[in-house]
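Worksheet: the structure to be examined is printed underneath.
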Amino acid sequence: MEPLTKDTCRGNWGTLLLPINPDDTIDFSRLSHEIDILIAAHVDGIYSNGTAGEFHTQTETEFDQISQLLAEKCNAARMPFQIGVSHSVPAIVLDRIRRTQALKPSAYQVILPDWVAVTNQEARIFFNRISEAAHPVPLVLYNPPHAKRVLPPAGYQELLETIPALISVKLLDGDEQWYEQMKLVADRIAVFVPGHHLATGIEKGVASGAYSNVACINPKAAQQWWKMMQTDINEALQVQNAIQSFFDAYIVPFAKKGFSNPALDKLLAAVAGWAPVGTRLRWPYQWIPETDVPDVRKGAHRHLPGWFFEAI
């Protein structure tokens, strides 16, 4: 695959969710099937080893296996893919890049060093080394709210002055002022907002796409919704309202109980049942019991448009 650019990095991207066996191992047979389903859904791209992919629980051997499997299937299908190389140890990030360059990913997704928060200068130093190692593969900064250092709009602008390999950022959007400030950033980089805020991001002229939690519900439906945003933004905003109402009623209560984002994403996948992932997380993290899925599924059918489930 050709490396992504600021202009080609866009759309509805699906994440890999790790199917976990009762003995805490990764079920690579189920993971392979999941990748096949995402490819068949014609999402705009697939990425591995994000938070939903539980990168923070993987061994290096598992990282290599996941990356190899994703690359083989996506390269064969001409499906753009990003490999998440995030790790709290910067030297391991470099090593992961060196080990996977032959897989020809479309981009690498990376977090800033995550134990001691970096200064602006340290962030530039980090990205300079990472971009040299990754060349010619571009970089995507994953900068979620729980990162040790969350950059303001001006922080992204500063990075872009010296790191041309940085083509995209995945972040949480903000209020009207944030969107206004991010317009200058969006002129130079592909801004990816949360999936359930994507229609707003498109309406504001800032978002290029989403590394999408909505695709966790149903990748085909999320792709259909993305296409709707290109032709009927008002209808897409109504769908977004329905998605957010469902989240508020059935997903946010689990977050308030302390369940992590990976637990919520796996619950979403289990609700629609589009892939054999299951809700189990890796030790030591707690997952939402499968017995809670039927009630959430009923809520999804009440709140979401029917085509969300017809598209499975």
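Quick note on naming: the chains in the structure tokens go A, B, ... in the order shown, residues restart at 1 in each chain, and ligands are numbered from 1 in order of appearance.
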List as number ranges by chain the protein and nucleic acid residues near segment 243-246 of chain A, meaning an atom at most 8 Å away when only C-alpha atoms are counted, but skip any in the same chain fewer than 2 places from it.
A: 196, 239-241, 248-251, 299-300, 303-304
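Of the residues listed (A:Ala102, A:Leu141, A:Val85, A:Cys74), A:Val85 shows the shortest atom-to-atom separation from Gly53 of chain A; distances use only C-alpha atoms.
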Atom CA of Ala71 of chain A and atom CA of Val89 of chain A, how far apart in Å?
23.7 Å
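From atom CA of Phe247 of chain A back to atom CA of Phe259 of chain A, the distance works out to 14.0 Å.
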Give me the residues near Met79 of chain A as a VMD selection string, where near means some atom within 12 Å (using only C-alpha atoms) and where sequence neighbours in that chain fewer than 5 positions away do not count.
chain A and resid 1 to 4 13 to 14 35 to 36 38 to 47 70 to 74 104 to 106
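The space separating atom CA of Ala199 of chain A from atom CA of Pro80 of chain A comes to 22.4 Å.
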Give the alpha helix (DSSP H) residues of segment 117-215 of chain A, as assigned by DSSP on the backbone, as JSON, numbers by chain.
{"A": [120, 121, 122, 123, 124, 125, 126, 127, 128, 129, 130, 131, 132, 133, 134, 153, 154, 155, 156, 157, 158, 159, 160, 161, 162, 176, 177, 178, 179, 180, 181, 182, 183, 184, 185, 186, 198, 199, 200, 201, 202, 203, 214, 215]}
Taking 2 positions as the minimum chain separation for residues in the same chain, which residues sit within 10 Å of Glu310 of chain A when counting only C-alpha atoms? Answer as a PDB file with N, CA and C atoms, in the first residue's frame.
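Everything below was put into out_26.pdb:
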ATOM      1  N   ASN A 218     -20.994  -1.443  14.451  1.00  0.00           N
ATOM      2  CA  ASN A 218     -21.211  -2.122  13.175  1.00  0.00           C
ATOM      3  C   ASN A 218     -20.399  -1.407  12.108  1.00  0.00           C
ATOM      4  N   LYS A 220     -20.116  -1.791   8.863  1.00  0.00           N
ATOM      5  CA  LYS A 220     -20.856  -1.472   7.638  1.00  0.00           C
ATOM      6  C   LYS A 220     -21.767  -0.268   7.851  1.00  0.00           C
ATOM      7  N   ALA A 221     -22.461  -0.243   8.975  1.00  0.00           N
ATOM      8  CA  ALA A 221     -23.357   0.874   9.266  1.00  0.00           C
ATOM      9  C   ALA A 221     -22.576   2.162   9.448  1.00  0.00           C
ATOM     10  N   PRO A 305     -31.148   3.906  14.163  1.00  0.00           N
ATOM     11  CA  PRO A 305     -31.896   3.599  12.933  1.00  0.00           C
ATOM     12  C   PRO A 305     -31.794   2.122  12.574  1.00  0.00           C
ATOM     13  N   GLY A 306     -32.835   1.607  11.953  1.00  0.00           N
ATOM     14  CA  GLY A 306     -32.877   0.178  11.646  1.00  0.00           C
ATOM     15  C   GLY A 306     -31.726  -0.293  10.792  1.00  0.00           C
ATOM     16  N   TRP A 307     -31.215   0.564   9.906  1.00  0.00           N
ATOM     17  CA  TRP A 307     -30.148   0.145   9.003  1.00  0.00           C
ATOM     18  C   TRP A 307     -28.854  -0.122   9.749  1.00  0.00           C
ATOM     19  N   PHE A 308     -28.746   0.303  11.000  1.00  0.00           N
ATOM     20  CA  PHE A 308     -27.556  -0.037  11.776  1.00  0.00           C
ATOM     21  C   PHE A 308     -27.416  -1.558  11.925  1.00  0.00           C
ATOM     22  N   ILE A 312     -25.497  -5.512   9.015  1.00  0.00           N
ATOM     23  CA  ILE A 312     -24.570  -6.532   9.522  1.00  0.00           C
ATOM     24  C   ILE A 312     -24.431  -7.665   8.503  1.00  0.00           C
TER      25      ILE A 312
END
Determine, counting only C-alpha atoms, which protein, DNA and RNA residues have an atom within 12 Å of an atom of Val191 of chain A; residues of the same chain fewer than 5 positions away are not included. Present the result as a VMD selection string.
chain A and resid 6 to 11 140 to 143 153 156 166 to 173 179 182 to 186 198 201 to 202 204 to 211
Select from segment 32-146 of chain A everything DSSP, run on the backbone, classes as strand (DSSP E), then give the selection as JSON, numbers by chain.
{"A": [45, 46, 47, 48, 81, 82, 83, 84, 107, 108, 109, 110, 139, 140, 141, 142]}
Contacts of Arg124 of chain A at 12 Å (only C-alpha atoms; same-chain gap of 3+ positions) as a list of chain:residue names
A:Leu112, A:Pro113, A:Val118, A:Thr119, A:Asn120, A:Gln121, A:Phe127, A:Asn128, A:Arg129, A:Ile130, A:Ser131, A:Gly155, A:Tyr156, A:Gln157, A:Glu158, A:Leu159, A:Leu160, A:Glu161, A:Thr162, A:Ile163, A:Pro164, A:Ala165, A:Leu166
Serialized selection, N, CA and C atoms, as a compact mmCIF listing (two decimals), in the first residue's frame:
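What landed in selection.txt:
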# COMPACT_ATOMS: atom_id res chain seq x y z
N LEU A 112 2.55 9.93 22.63
CA LEU A 112 3.71 10.56 23.24
C LEU A 112 4.16 9.71 24.43
N PRO A 113 5.45 9.77 24.80
CA PRO A 113 5.90 9.03 25.98
C PRO A 113 4.98 9.30 27.17
N VAL A 118 5.94 14.79 28.57
CA VAL A 118 6.99 15.47 27.83
C VAL A 118 6.70 16.96 27.72
N THR A 119 7.76 17.76 27.64
CA THR A 119 7.63 19.16 27.30
C THR A 119 7.46 19.31 25.79
N ASN A 120 7.19 20.51 25.33
CA ASN A 120 7.08 20.74 23.88
C ASN A 120 8.38 20.36 23.17
N GLN A 121 9.52 20.73 23.77
CA GLN A 121 10.80 20.41 23.15
C GLN A 121 11.03 18.90 23.12
N PHE A 127 9.51 12.96 18.27
CA PHE A 127 8.98 12.77 16.92
C PHE A 127 10.08 12.84 15.86
N ASN A 128 11.11 13.63 16.08
CA ASN A 128 12.21 13.66 15.12
C ASN A 128 12.85 12.29 14.97
N ARG A 129 13.12 11.62 16.08
CA ARG A 129 13.73 10.29 16.02
C ARG A 129 12.77 9.26 15.43
N ILE A 130 11.51 9.34 15.86
CA ILE A 130 10.51 8.38 15.37
C ILE A 130 10.31 8.54 13.86
N SER A 131 10.21 9.76 13.38
CA SER A 131 9.97 9.98 11.95
C SER A 131 11.15 9.54 11.11
N GLY A 155 -0.41 23.57 20.23
CA GLY A 155 0.64 22.56 20.37
C GLY A 155 0.80 21.72 19.13
N TYR A 156 -0.32 21.39 18.46
CA TYR A 156 -0.24 20.65 17.21
C TYR A 156 0.40 21.51 16.13
N GLN A 157 0.04 22.79 16.11
CA GLN A 157 0.64 23.70 15.13
C GLN A 157 2.15 23.74 15.28
N GLU A 158 2.62 23.78 16.52
CA GLU A 158 4.06 23.85 16.77
C GLU A 158 4.76 22.59 16.30
N LEU A 159 4.15 21.41 16.56
CA LEU A 159 4.75 20.16 16.10
C LEU A 159 4.85 20.13 14.57
N LEU A 160 3.81 20.61 13.91
CA LEU A 160 3.77 20.55 12.46
C LEU A 160 4.84 21.40 11.80
N GLU A 161 5.34 22.40 12.52
CA GLU A 161 6.38 23.25 11.96
C GLU A 161 7.67 22.47 11.69
N THR A 162 7.90 21.43 12.51
CA THR A 162 9.18 20.71 12.41
C THR A 162 9.05 19.23 12.09
N ILE A 163 7.82 18.68 12.08
CA ILE A 163 7.64 17.24 11.86
C ILE A 163 6.73 17.03 10.64
N PRO A 164 7.27 17.11 9.43
CA PRO A 164 6.42 16.94 8.24
C PRO A 164 5.84 15.54 8.10
N ALA A 165 6.44 14.55 8.77
CA ALA A 165 5.91 13.18 8.67
C ALA A 165 4.60 13.00 9.42
N LEU A 166 4.25 13.96 10.26
CA LEU A 166 3.01 13.87 11.04
C LEU A 166 1.84 14.29 10.16
Can you tell me which residues surround Val271 of chain A at a distance of at most 6 Å, considering only C-alpha atoms, apart from same-chain residues fewer than 3 positions away, and format the answer as a ChimeraX atom specification?
/A:268,293,297
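Each of A:Pro144, A:Arg282, A:Pro90, A:Val137 was compared to Glu122 of chain A using only C-alpha atoms, and A:Pro90 turns out to be the nearest.
Between Thr279 of chain A and the residues A:Glu34, A:Glu54, A:Asp23, A:Asp265, the shortest atom-to-atom distance, using only C-alpha atoms, involves A:Asp265.
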